[in-house]
Protein chains: 2
Amino acid sequence: MTEHQSIPKGLVADLGARARAAAVTLAAAPTTAKQGALRHIADLLRAASAEIEAANATDMARATEAGLSNAMLDRLRLDAKRIAGMADGVAAVAALADPVGGVIDTAERPNGLVLSRVRVPIGVIGIIYESRPNVTADAAALCIASGNAVILRGGSEAIESNRAIHAIFARGLAESGLPADAAQLVPVTDRAVVGAMLTAEGLIDMIVPRGGKSLVARVQAEARVPVLAHLDGINHIFVHASADQAMAESIVVNAKMRRTGVCGAMETLLIDRAYPHAEALVAALAATGCEVRVDADLHALIPGLVPASEADWDTEYLEAIASAAFVDGLDGALAHIAAHSSHHTDAIVAADADVAERFLAGVDSAIVLWNASTQFADGGEFGLGAEIGIATGRLHARGPVALEGLTTYKWIGRGTGQVRP
Amino acid sequence: MTEHQSIPKGLVADLGARARAAAVTLAAAPTTAKQGALRHIADLLRAASAEIEAANATDMARATEAGLSNAMLDRLRLDAKRIAGMADGVAAVAALADPVGGVIDTAERPNGLVLSRVRVPIGVIGIIYESRPNVTADAAALCIASGNAVILRGGSEAIESNRAIHAIFARGLAESGLPADAAQLVPVTDRAVVGAMLTAEGLIDMIVPRGGKSLVARVQAEARVPVLAHLDGINHIFVHASADQAMAESIVVNAKMRRTGVCGAMETLLIDRAYPHAEALVAALAATGCEVRVDADLHALIPGLVPASEADWDTEYLEAIASAAFVDGLDGALAHIAAHSSHHTDAIVAADADVAERFLAGVDSAIVLWNASTQFADGGEFGLGAEIGIATGRLHARGPVALEGLTTYKWIGRGTGQVRP
């Protein structure tokens, strides 16, 4: 940093300094204070529904004029029902168990020194997201509940909506006796601020990108601050020879077609060459309207389908398309998954428990499932109450991440005068 | 990566690919196989003592000719006793509890899906270190015991010693039925290999630098791969008004003078203005031969001492020098520590438990201690059996890190055909 530092860097330095000061206060705040503030914010959001809708109407008008797609407009839109849902979400986070202060383990050393690892907030979390304004409320609530200060940088198209929602958080925090700076919104839409956040080492402790693949890829490529994210969900289901036919068809159809646009959707179906109902399985998937792109061996069995290209095995479709291939038993499945998985969620359908356990041990993904749909990859479904995101990195936290993943720990030692010999 | 990729990048890509393949095998290896291999390696190290000494003699001769300092020559030197200590260290790691496969928590969801978080190795660990050849054995043993493959890049001055030690690991692994590539030594001394390791995202999962501040600073500045490290140990002891005089003097002298060159050494002494024995405390420290650099108020009390400059509060001396200042009670101590601590280890000496607990809660460091010497900051002293390093980052692991910190987890879900509604 010099006197010539750029305006975005100066802005992020200011946001970061305020956030750090707020984080110190929030880290020491009792559970009741944090939860009370969130309940109050939920009430304020409900009461401010009309103002938030009005702010959103400004964003919607500008976005419509700018020719945004219908899908993007739908993500941007807030109505009374969605605002009520947002308030319910904040209230639900207020009801989650507070991880801060929890003792991970404790032990007395032979010299009488008692050592404990105690959960503490990470500090300052940066959230970089796109057009959904509800992320403002969801992410801020999770950070506050876990004792972290948050710096929110939403999409420029949602700036008025985000300002309205953020104003409620600032007011609710202050009215509850907590620092308003615990939740700050980047006040400008300058894209260079994202770059300044990504390199704000020492100011921001962790960045969570929420949005499409291009956003996550940019964040992962440029960030010097640690990032919690997943880039792809190239998820596999392996149907073993021992699989129950009805279960296999039910799980595969659900994993691909329940919602095709979620990161937990199955993208590749691997069928054991010894599974006797391969044709019926592929037919069941195709019958739901899914385009199934098949390898040469499956194509020989079912000639009507589209042949898969090499690129298909590394493609996250996020629509009603799946790739499918025959593999040689468990080892063939493990080899294919090792070569092509994005380490998000992979599943086996099998009646043979020994084969299933070898799959669960052998697949190196954040989530591995036996006889269950990959669409369960979600913090709510995992019992976490919410999620800040799903992580496919290897350190700190993997899979769905909620309050506990927003904490770290410190060692606390209580002695009676011990010195080291 | 292109056909024009540099030689270091190509070398690291090759090491990384071999390490990944070995890591898959090692992750699935039973505890007995890993521990048996390490015990065998310990035996082989003892048996190869003369060869290792001979290799070390080559390094020592070259280093002496190159005019290395006596301190560096001492770090480089291996003799029969040090090699026996190295072998004992490997055997001690073999006796540690294996974290891999441990179940962190497990819960059955209302739909019957049973979800567990299970510890798994991180994958491929890179160790970048300087002249001490015993790090080759220490770090490799910890990585193997936790199921990780390791890529070792030691100092060029220790290359013959490291090759001899590494050859024992490769042989011991192979003779125990584990992949020799689970422990690889970078075979060249080209410094550009370090840069290639630091940017080997996807090939190396975590880097641990072991060495002086300039090495750690370079690694932290250049790394794209996550780094586990600490840069400074600017550790404080706050002597509260309620402190027992004898305990305060004993802890302060031990924390500074037991070994001045370790990262857990006290660098700054903060004395409560209301503590009645400040002069005696400073005198006790000075009487051990420590140069005490004092703030203006302490200087007024004890005029004979060196006045501290502003830089002293941010200096890790690692020698018989300490800075000392008066502070206004707990709040003054917390403010000084927040401004100057490197978040490594900070301690309070106090009889007042309420004040002590507020200090333990309020200081944001990896290790916070009450009535104990900061020199306990060490994996062995913490009961971890060993340590790969001490981390002052906020994510993944903090403080002394041993086997558990070399693991991550995955979610394993066992169902009976569950699909998501």
# chains A, B, ... in the order shown; residues from 1 in each chain; ligands from 1
call {"tool": "residues_around", "arguments": {"residues": "Ala137 (chain A)", "least_positions_apart": "4", "cutoff": "10 Å", "atoms": "only C-alpha atoms", "output": "list in words"}}
result
Ile41, Ala42, Leu45, Ile83, Met86, Ala87, Gly89, Val90, Pro133, Ala141, Leu142, Leu152, Asn162, Ile165, His166, Ile168, Phe169 and Ala183 of chain A
call {"tool": "write_last_selection", "arguments": {"atoms": "N, CA, C and O atoms", "output": "PDB file, in the first residue's frame"}}
result
ATOM      1  N   ILE A  41     -33.668  -8.728  13.062  1.00  0.00           N
ATOM      2  CA  ILE A  41     -33.490  -8.446  11.628  1.00  0.00           C
ATOM      3  C   ILE A  41     -34.567  -9.148  10.817  1.00  0.00           C
ATOM      4  O   ILE A  41     -35.117  -8.575   9.862  1.00  0.00           O
ATOM      5  N   ALA A  42     -34.910 -10.375  11.182  1.00  0.00           N
ATOM      6  CA  ALA A  42     -35.973 -11.092  10.471  1.00  0.00           C
ATOM      7  C   ALA A  42     -37.287 -10.313  10.569  1.00  0.00           C
ATOM      8  O   ALA A  42     -38.010 -10.153   9.564  1.00  0.00           O
ATOM      9  N   LEU A  45     -37.059  -7.241   8.371  1.00  0.00           N
ATOM     10  CA  LEU A  45     -37.182  -7.570   6.945  1.00  0.00           C
ATOM     11  C   LEU A  45     -38.657  -7.725   6.567  1.00  0.00           C
ATOM     12  O   LEU A  45     -39.111  -7.223   5.533  1.00  0.00           O
ATOM     13  N   ILE A  83     -39.495 -12.260  -0.034  1.00  0.00           N
ATOM     14  CA  ILE A  83     -38.956 -11.501   1.105  1.00  0.00           C
ATOM     15  C   ILE A  83     -39.333 -12.183   2.424  1.00  0.00           C
ATOM     16  O   ILE A  83     -38.516 -12.279   3.346  1.00  0.00           O
ATOM     17  N   MET A  86     -37.026 -14.990   2.815  1.00  0.00           N
ATOM     18  CA  MET A  86     -35.712 -14.487   3.246  1.00  0.00           C
ATOM     19  C   MET A  86     -35.713 -14.244   4.766  1.00  0.00           C
ATOM     20  O   MET A  86     -34.773 -14.635   5.476  1.00  0.00           O
ATOM     21  N   ALA A  87     -36.778 -13.629   5.252  1.00  0.00           N
ATOM     22  CA  ALA A  87     -36.889 -13.376   6.697  1.00  0.00           C
ATOM     23  C   ALA A  87     -36.959 -14.699   7.463  1.00  0.00           C
ATOM     24  O   ALA A  87     -36.304 -14.853   8.509  1.00  0.00           O
ATOM     25  N   GLY A  89     -35.631 -17.434   6.549  1.00  0.00           N
ATOM     26  CA  GLY A  89     -34.279 -17.997   6.503  1.00  0.00           C
ATOM     27  C   GLY A  89     -33.388 -17.402   7.573  1.00  0.00           C
ATOM     28  O   GLY A  89     -32.634 -18.120   8.239  1.00  0.00           O
ATOM     29  N   VAL A  90     -33.478 -16.087   7.760  1.00  0.00           N
ATOM     30  CA  VAL A  90     -32.669 -15.427   8.803  1.00  0.00           C
ATOM     31  C   VAL A  90     -33.089 -15.933  10.183  1.00  0.00           C
ATOM     32  O   VAL A  90     -32.241 -16.232  11.036  1.00  0.00           O
ATOM     33  N   PRO A 133     -30.516 -11.335  -4.853  1.00  0.00           N
ATOM     34  CA  PRO A 133     -30.358 -10.478  -3.668  1.00  0.00           C
ATOM     35  C   PRO A 133     -30.584 -11.221  -2.352  1.00  0.00           C
ATOM     36  O   PRO A 133     -30.128 -10.743  -1.298  1.00  0.00           O
ATOM     37  N   ALA A 141     -26.538 -13.535   7.519  1.00  0.00           N
ATOM     38  CA  ALA A 141     -27.059 -14.211   8.708  1.00  0.00           C
ATOM     39  C   ALA A 141     -26.107 -15.306   9.172  1.00  0.00           C
ATOM     40  O   ALA A 141     -25.819 -15.433  10.373  1.00  0.00           O
ATOM     41  N   LEU A 142     -25.595 -16.103   8.236  1.00  0.00           N
ATOM     42  CA  LEU A 142     -24.689 -17.186   8.619  1.00  0.00           C
ATOM     43  C   LEU A 142     -23.400 -16.637   9.216  1.00  0.00           C
ATOM     44  O   LEU A 142     -22.874 -17.182  10.194  1.00  0.00           O
ATOM     45  N   LEU A 152     -19.983  -7.833   1.936  1.00  0.00           N
ATOM     46  CA  LEU A 152     -20.849  -8.381   0.879  1.00  0.00           C
ATOM     47  C   LEU A 152     -20.614  -7.611  -0.413  1.00  0.00           C
ATOM     48  O   LEU A 152     -20.702  -6.374  -0.436  1.00  0.00           O
ATOM     49  N   ASN A 162     -29.938  -4.938  -2.809  1.00  0.00           N
ATOM     50  CA  ASN A 162     -28.935  -5.270  -1.784  1.00  0.00           C
ATOM     51  C   ASN A 162     -28.792  -4.139  -0.772  1.00  0.00           C
ATOM     52  O   ASN A 162     -28.643  -4.395   0.425  1.00  0.00           O
ATOM     53  N   ILE A 165     -31.739  -4.347   1.635  1.00  0.00           N
ATOM     54  CA  ILE A 165     -31.615  -5.477   2.576  1.00  0.00           C
ATOM     55  C   ILE A 165     -30.486  -5.201   3.573  1.00  0.00           C
ATOM     56  O   ILE A 165     -30.638  -5.423   4.781  1.00  0.00           O
ATOM     57  N   HIS A 166     -29.373  -4.710   3.056  1.00  0.00           N
ATOM     58  CA  HIS A 166     -28.249  -4.427   3.950  1.00  0.00           C
ATOM     59  C   HIS A 166     -28.596  -3.364   4.983  1.00  0.00           C
ATOM     60  O   HIS A 166     -28.178  -3.448   6.150  1.00  0.00           O
ATOM     61  N   ILE A 168     -31.326  -2.917   6.437  1.00  0.00           N
ATOM     62  CA  ILE A 168     -32.061  -3.588   7.520  1.00  0.00           C
ATOM     63  C   ILE A 168     -31.083  -4.285   8.463  1.00  0.00           C
ATOM     64  O   ILE A 168     -31.222  -4.239   9.692  1.00  0.00           O
ATOM     65  N   PHE A 169     -30.082  -4.936   7.898  1.00  0.00           N
ATOM     66  CA  PHE A 169     -29.087  -5.608   8.748  1.00  0.00           C
ATOM     67  C   PHE A 169     -28.334  -4.588   9.605  1.00  0.00           C
ATOM     68  O   PHE A 169     -28.130  -4.802  10.799  1.00  0.00           O
ATOM     69  N   ALA A 183     -21.835  -6.267   9.307  1.00  0.00           N
ATOM     70  CA  ALA A 183     -22.305  -6.625   7.958  1.00  0.00           C
ATOM     71  C   ALA A 183     -22.205  -5.371   7.103  1.00  0.00           C
ATOM     72  O   ALA A 183     -22.964  -4.424   7.290  1.00  0.00           O
TER      73      ALA A 183
END
call {"tool": "residues_around", "arguments": {"residues": "Asn254 (chain A)", "least_positions_apart": "5", "cutoff": "10 Å", "atoms": "only C-alpha atoms", "output": "ChimeraX atom specification"}}
result
/A:248-249,259-260,265-266,285,372-375 /B:418-421
call {"tool": "write_last_selection", "arguments": {"atoms": "all heavy atoms", "output": "short mmCIF file (atom, residue, chain, number, x, y, z; two decimals), in the first residue's frame"}}
result
data_model
loop_
_atom_site.label_atom_id
_atom_site.label_comp_id
_atom_site.auth_asym_id
_atom_site.auth_seq_id
_atom_site.Cartn_x
_atom_site.Cartn_y
_atom_site.Cartn_z
N ALA A 248 -32.21 -48.54 -8.44
CA ALA A 248 -31.26 -47.90 -9.36
C ALA A 248 -31.98 -46.91 -10.25
O ALA A 248 -31.53 -45.76 -10.45
CB ALA A 248 -30.55 -48.97 -10.20
N GLU A 249 -33.12 -47.31 -10.80
CA GLU A 249 -33.84 -46.42 -11.72
C GLU A 249 -34.37 -45.19 -10.98
O GLU A 249 -34.30 -44.06 -11.46
CB GLU A 249 -34.96 -47.19 -12.43
CG GLU A 249 -34.35 -48.20 -13.43
CD GLU A 249 -35.35 -49.18 -14.02
OE1 GLU A 249 -36.58 -48.99 -13.84
OE2 GLU A 249 -34.90 -50.16 -14.65
N ARG A 259 -33.87 -31.72 -10.09
CA ARG A 259 -33.56 -30.36 -10.56
C ARG A 259 -32.24 -30.49 -11.30
O ARG A 259 -31.24 -30.92 -10.73
CB ARG A 259 -33.43 -29.38 -9.39
CG ARG A 259 -34.78 -28.95 -8.81
CD ARG A 259 -34.60 -28.00 -7.64
NE ARG A 259 -33.97 -26.75 -8.03
CZ ARG A 259 -33.51 -25.84 -7.15
NH1 ARG A 259 -33.62 -26.06 -5.85
NH2 ARG A 259 -32.95 -24.72 -7.58
N THR A 260 -32.26 -30.15 -12.57
CA THR A 260 -31.06 -30.39 -13.38
C THR A 260 -30.00 -29.31 -13.17
O THR A 260 -28.84 -29.51 -13.48
CB THR A 260 -31.40 -30.44 -14.88
OG1 THR A 260 -32.07 -29.21 -15.23
CG2 THR A 260 -32.32 -31.61 -15.19
N ALA A 265 -26.55 -32.41 -9.01
CA ALA A 265 -27.17 -33.24 -10.04
C ALA A 265 -26.15 -34.23 -10.62
O ALA A 265 -24.99 -33.89 -10.81
CB ALA A 265 -27.74 -32.37 -11.16
N MET A 266 -26.62 -35.45 -10.89
CA MET A 266 -25.76 -36.43 -11.57
C MET A 266 -25.50 -35.97 -12.99
O MET A 266 -26.39 -35.49 -13.67
CB MET A 266 -26.46 -37.79 -11.61
CG MET A 266 -25.66 -38.87 -12.35
SD MET A 266 -26.65 -40.33 -12.75
CE MET A 266 -27.44 -39.75 -14.29
N LEU A 285 -34.26 -43.34 -17.75
CA LEU A 285 -33.75 -41.97 -17.71
C LEU A 285 -34.21 -41.20 -18.95
O LEU A 285 -34.70 -40.06 -18.85
CB LEU A 285 -32.22 -42.00 -17.60
CG LEU A 285 -31.51 -40.65 -17.46
CD1 LEU A 285 -32.03 -39.86 -16.25
CD2 LEU A 285 -30.00 -40.85 -17.34
N ALA A 372 -28.29 -43.68 -2.39
CA ALA A 372 -29.03 -42.43 -2.17
C ALA A 372 -28.72 -41.50 -3.33
O ALA A 372 -27.66 -41.59 -3.97
CB ALA A 372 -28.63 -41.79 -0.84
N SER A 373 -29.63 -40.58 -3.58
CA SER A 373 -29.50 -39.66 -4.70
C SER A 373 -28.44 -38.60 -4.43
O SER A 373 -28.36 -38.06 -3.33
CB SER A 373 -30.85 -38.99 -4.94
OG SER A 373 -30.72 -37.89 -5.83
N THR A 374 -27.67 -38.26 -5.46
CA THR A 374 -26.66 -37.19 -5.32
C THR A 374 -27.30 -35.84 -5.03
O THR A 374 -26.63 -34.91 -4.57
CB THR A 374 -25.80 -37.06 -6.60
OG1 THR A 374 -26.66 -36.86 -7.71
CG2 THR A 374 -24.95 -38.31 -6.83
N GLN A 375 -28.62 -35.70 -5.27
CA GLN A 375 -29.27 -34.41 -5.03
C GLN A 375 -29.41 -34.10 -3.54
O GLN A 375 -29.83 -33.01 -3.16
CB GLN A 375 -30.64 -34.35 -5.74
CG GLN A 375 -30.52 -34.47 -7.26
CD GLN A 375 -31.12 -33.29 -8.02
OE1 GLN A 375 -31.75 -32.41 -7.45
NE2 GLN A 375 -30.90 -33.28 -9.33
N GLN B 418 -32.87 -43.79 -0.77
CA GLN B 418 -33.47 -42.45 -0.61
C GLN B 418 -33.30 -41.59 -1.88
O GLN B 418 -32.21 -41.54 -2.45
CB GLN B 418 -32.81 -41.69 0.56
CG GLN B 418 -33.30 -42.11 1.94
CD GLN B 418 -32.60 -43.35 2.46
OE1 GLN B 418 -31.85 -44.02 1.73
NE2 GLN B 418 -32.87 -43.70 3.70
N VAL B 419 -34.39 -40.95 -2.26
CA VAL B 419 -34.33 -39.91 -3.30
C VAL B 419 -34.86 -38.63 -2.69
O VAL B 419 -35.60 -38.66 -1.70
CB VAL B 419 -35.15 -40.29 -4.56
CG1 VAL B 419 -34.55 -41.51 -5.24
CG2 VAL B 419 -36.61 -40.50 -4.21
N ARG B 420 -34.48 -37.50 -3.29
CA ARG B 420 -34.87 -36.22 -2.70
C ARG B 420 -36.22 -35.80 -3.27
O ARG B 420 -36.39 -35.74 -4.49
CB ARG B 420 -33.80 -35.17 -3.00
CG ARG B 420 -34.03 -33.91 -2.21
CD ARG B 420 -32.83 -33.00 -2.19
NE ARG B 420 -33.24 -31.71 -1.64
CZ ARG B 420 -32.52 -30.61 -1.67
NH1 ARG B 420 -31.32 -30.64 -2.23
NH2 ARG B 420 -32.96 -29.49 -1.15
N PRO B 421 -37.18 -35.52 -2.42
CA PRO B 421 -38.53 -35.15 -2.90
C PRO B 421 -38.49 -33.87 -3.75
O PRO B 421 -37.65 -33.02 -3.55
CB PRO B 421 -39.33 -34.92 -1.61
CG PRO B 421 -38.54 -35.56 -0.52
CD PRO B 421 -37.09 -35.50 -0.95
#
call {"tool": "select_by_dssp", "arguments": {"residues": "region 65-271 of chain B", "states": "strand (DSSP E)", "output": "PyMOL selection string"}}
result
chain B and resi 103-108+114-121+124-129+149-153+183-185+206-210+235-239+266-271
call {"tool": "closest_residue", "arguments": {"among": "B:Val262, B:Ala21, B:Ala320, B:Ile207", "to": "Gln220 (chain B)", "atoms": "only C-alpha atoms"}}
result
B:Ile207
call {"tool": "interface_residues", "arguments": {"of": "chain A", "to": "chain B", "cutoff": "6 Å", "atoms": "only C-alpha atoms", "output": "PyMOL selection string"}}
result
chain A and resi 247+251+366-373+395-396+410-419
call {"tool": "write_last_selection", "arguments": {"atoms": "N, CA and C atoms", "output": "PDB file, in the first residue's frame"}}
result
ATOM      1  N   MET A 247     -34.598 -49.595  -7.399  1.00  0.00           N
ATOM      2  CA  MET A 247     -33.861 -48.568  -6.665  1.00  0.00           C
ATOM      3  C   MET A 247     -32.915 -47.817  -7.598  1.00  0.00           C
ATOM      4  N   ILE A 251     -33.193 -43.817  -8.173  1.00  0.00           N
ATOM      5  CA  ILE A 251     -32.103 -42.912  -7.751  1.00  0.00           C
ATOM      6  C   ILE A 251     -31.517 -42.176  -8.947  1.00  0.00           C
ATOM      7  N   ALA A 366     -15.766 -34.968  -1.847  1.00  0.00           N
ATOM      8  CA  ALA A 366     -16.243 -34.352  -0.608  1.00  0.00           C
ATOM      9  C   ALA A 366     -17.406 -35.143  -0.026  1.00  0.00           C
ATOM     10  N   ILE A 367     -18.259 -35.678  -0.915  1.00  0.00           N
ATOM     11  CA  ILE A 367     -19.432 -36.457  -0.492  1.00  0.00           C
ATOM     12  C   ILE A 367     -19.459 -37.751  -1.292  1.00  0.00           C
ATOM     13  N   VAL A 368     -19.562 -38.867  -0.601  1.00  0.00           N
ATOM     14  CA  VAL A 368     -19.739 -40.159  -1.274  1.00  0.00           C
ATOM     15  C   VAL A 368     -20.968 -40.830  -0.666  1.00  0.00           C
ATOM     16  N   LEU A 369     -21.841 -41.352  -1.524  1.00  0.00           N
ATOM     17  CA  LEU A 369     -23.131 -41.866  -1.084  1.00  0.00           C
ATOM     18  C   LEU A 369     -23.348 -43.296  -1.576  1.00  0.00           C
ATOM     19  N   TRP A 370     -24.048 -44.042  -0.754  1.00  0.00           N
ATOM     20  CA  TRP A 370     -24.418 -45.426  -1.098  1.00  0.00           C
ATOM     21  C   TRP A 370     -25.944 -45.498  -1.069  1.00  0.00           C
ATOM     22  N   ASN A 371     -26.514 -45.886  -2.178  1.00  0.00           N
ATOM     23  CA  ASN A 371     -27.967 -46.064  -2.282  1.00  0.00           C
ATOM     24  C   ASN A 371     -28.753 -44.818  -1.878  1.00  0.00           C
ATOM     25  N   ALA A 372     -28.291 -43.681  -2.389  1.00  0.00           N
ATOM     26  CA  ALA A 372     -29.026 -42.431  -2.165  1.00  0.00           C
ATOM     27  C   ALA A 372     -28.718 -41.496  -3.329  1.00  0.00           C
ATOM     28  N   SER A 373     -29.626 -40.583  -3.583  1.00  0.00           N
ATOM     29  CA  SER A 373     -29.500 -39.659  -4.701  1.00  0.00           C
ATOM     30  C   SER A 373     -28.440 -38.599  -4.433  1.00  0.00           C
ATOM     31  N   LEU A 395      -8.765 -28.555   2.156  1.00  0.00           N
ATOM     32  CA  LEU A 395      -8.426 -28.088   3.495  1.00  0.00           C
ATOM     33  C   LEU A 395      -9.603 -27.392   4.178  1.00  0.00           C
ATOM     34  N   HIS A 396      -9.527 -27.318   5.485  1.00  0.00           N
ATOM     35  CA  HIS A 396     -10.459 -26.596   6.349  1.00  0.00           C
ATOM     36  C   HIS A 396     -11.840 -27.249   6.416  1.00  0.00           C
ATOM     37  N   LYS A 410      -8.817 -21.950  18.653  1.00  0.00           N
ATOM     38  CA  LYS A 410      -7.528 -21.601  19.248  1.00  0.00           C
ATOM     39  C   LYS A 410      -7.265 -22.549  20.404  1.00  0.00           C
ATOM     40  N   TRP A 411      -5.984 -22.658  20.738  1.00  0.00           N
ATOM     41  CA  TRP A 411      -5.571 -23.464  21.880  1.00  0.00           C
ATOM     42  C   TRP A 411      -5.581 -22.570  23.117  1.00  0.00           C
ATOM     43  N   ILE A 412      -6.248 -23.019  24.153  1.00  0.00           N
ATOM     44  CA  ILE A 412      -6.228 -22.305  25.426  1.00  0.00           C
ATOM     45  C   ILE A 412      -5.561 -23.211  26.456  1.00  0.00           C
ATOM     46  N   GLY A 413      -4.504 -22.697  27.094  1.00  0.00           N
ATOM     47  CA  GLY A 413      -3.805 -23.465  28.128  1.00  0.00           C
ATOM     48  C   GLY A 413      -3.939 -22.786  29.468  1.00  0.00           C
ATOM     49  N   ARG A 414      -4.375 -23.534  30.466  1.00  0.00           N
ATOM     50  CA  ARG A 414      -4.516 -22.991  31.816  1.00  0.00           C
ATOM     51  C   ARG A 414      -3.521 -23.695  32.737  1.00  0.00           C
ATOM     52  N   GLY A 415      -2.592 -22.912  33.292  1.00  0.00           N
ATOM     53  CA  GLY A 415      -1.544 -23.497  34.116  1.00  0.00           C
ATOM     54  C   GLY A 415      -1.566 -22.971  35.532  1.00  0.00           C
ATOM     55  N   THR A 416      -0.545 -23.382  36.284  1.00  0.00           N
ATOM     56  CA  THR A 416      -0.399 -22.949  37.673  1.00  0.00           C
ATOM     57  C   THR A 416       1.049 -22.515  37.907  1.00  0.00           C
ATOM     58  N   GLY A 417       1.648 -21.951  36.854  1.00  0.00           N
ATOM     59  CA  GLY A 417       3.021 -21.497  36.981  1.00  0.00           C
ATOM     60  C   GLY A 417       4.024 -22.366  36.248  1.00  0.00           C
ATOM     61  N   GLN A 418       3.555 -23.243  35.365  1.00  0.00           N
ATOM     62  CA  GLN A 418       4.470 -24.157  34.670  1.00  0.00           C
ATOM     63  C   GLN A 418       5.500 -23.413  33.810  1.00  0.00           C
ATOM     64  N   VAL A 419       6.746 -23.855  33.933  1.00  0.00           N
ATOM     65  CA  VAL A 419       7.789 -23.403  33.013  1.00  0.00           C
ATOM     66  C   VAL A 419       8.360 -24.642  32.332  1.00  0.00           C
TER      67      VAL A 419
END
call {"tool": "residues_around", "arguments": {"residues": "Ala164 (chain A)", "least_positions_apart": "4", "cutoff": "12 Å", "atoms": "only C-alpha atoms", "output": "list in words"}}
result
Leu44, Leu45, Ala48, Ser49, Ala50, Glu51, Ile52, Glu53, Ala54, Ala55, Asn56, Ala57, Thr58, Asp59, Leu78, Ile83, Pro133, Asn134, Thr136, Ala137, Ala158, Ile159, Glu160, Ile168, Phe169, Ala170, Arg171, Leu185 and Pro187 of chain A
call {"tool": "residues_around", "arguments": {"residues": "Glu387 (chain B)", "least_positions_apart": "5", "cutoff": "6 Å", "atoms": "only C-alpha atoms", "output": "PyMOL selection string"}}
result
chain B and resi 379+401-402
call {"tool": "write_last_selection", "arguments": {"atoms": "all heavy atoms", "output": "CSV table (one decimal), in the first residue's frame"}}
result
chain,number,residue,atom,x,y,z
B,379,GLY,N,4.4,-29.0,19.5
B,379,GLY,CA,3.5,-30.2,19.4
B,379,GLY,C,3.8,-31.3,20.4
B,379,GLY,O,2.9,-31.9,20.9
B,401,VAL,N,0.8,-28.4,14.8
B,401,VAL,CA,0.0,-29.3,13.8
B,401,VAL,C,0.8,-30.6,13.7
B,401,VAL,O,2.0,-30.6,13.5
B,401,VAL,CB,-0.1,-28.7,12.5
B,401,VAL,CG1,-0.8,-29.6,11.5
B,401,VAL,CG2,-0.9,-27.4,12.6
B,402,ALA,N,0.1,-31.7,14.0
B,402,ALA,CA,0.7,-33.0,13.8
B,402,ALA,C,-0.2,-33.9,12.9
B,402,ALA,O,-0.6,-33.4,11.9
B,402,ALA,CB,0.9,-33.7,15.2
call {"tool": "select_by_dssp", "arguments": {"residues": "region 85-164 of chain A", "states": "helix (DSSP H, G or I)", "output": "MDAnalysis selection string"}}
result
chainID A and resid 85:94 134:145 156:164
call {"tool": "decode", "arguments": {"residues": "region 384-390 of chain A", "atoms": "N, CA, C and O atoms", "output": "PDB file, in the first residue's frame"}}
result
ATOM      1  N   LEU A 384     -27.499 -29.446   8.520  1.00  0.00           N
ATOM      2  CA  LEU A 384     -26.725 -28.297   8.994  1.00  0.00           C
ATOM      3  C   LEU A 384     -27.599 -27.057   9.160  1.00  0.00           C
ATOM      4  O   LEU A 384     -27.140 -26.035   9.647  1.00  0.00           O
ATOM      5  N   GLY A 385     -28.840 -27.133   8.704  1.00  0.00           N
ATOM      6  CA  GLY A 385     -29.764 -26.026   8.890  1.00  0.00           C
ATOM      7  C   GLY A 385     -29.684 -24.990   7.798  1.00  0.00           C
ATOM      8  O   GLY A 385     -30.610 -24.217   7.596  1.00  0.00           O
ATOM      9  N   ALA A 386     -28.573 -24.931   7.094  1.00  0.00           N
ATOM     10  CA  ALA A 386     -28.345 -23.922   6.062  1.00  0.00           C
ATOM     11  C   ALA A 386     -27.002 -24.264   5.444  1.00  0.00           C
ATOM     12  O   ALA A 386     -26.372 -25.250   5.825  1.00  0.00           O
ATOM     13  N   GLU A 387     -26.541 -23.459   4.502  1.00  0.00           N
ATOM     14  CA  GLU A 387     -25.161 -23.615   4.032  1.00  0.00           C
ATOM     15  C   GLU A 387     -24.669 -22.311   3.452  1.00  0.00           C
ATOM     16  O   GLU A 387     -25.413 -21.553   2.848  1.00  0.00           O
ATOM     17  N   ILE A 388     -23.394 -22.043   3.695  1.00  0.00           N
ATOM     18  CA  ILE A 388     -22.753 -20.883   3.063  1.00  0.00           C
ATOM     19  C   ILE A 388     -22.238 -21.299   1.692  1.00  0.00           C
ATOM     20  O   ILE A 388     -22.002 -20.469   0.831  1.00  0.00           O
ATOM     21  N   GLY A 389     -22.095 -22.611   1.485  1.00  0.00           N
ATOM     22  CA  GLY A 389     -21.643 -23.127   0.206  1.00  0.00           C
ATOM     23  C   GLY A 389     -21.206 -24.562   0.341  1.00  0.00           C
ATOM     24  O   GLY A 389     -21.248 -25.143   1.430  1.00  0.00           O
ATOM     25  N   ILE A 390     -20.822 -25.150  -0.786  1.00  0.00           N
ATOM     26  CA  ILE A 390     -20.280 -26.510  -0.795  1.00  0.00           C
ATOM     27  C   ILE A 390     -18.840 -26.407  -1.271  1.00  0.00           C
ATOM     28  O   ILE A 390     -18.556 -25.769  -2.275  1.00  0.00           O
TER      29      ILE A 390
END
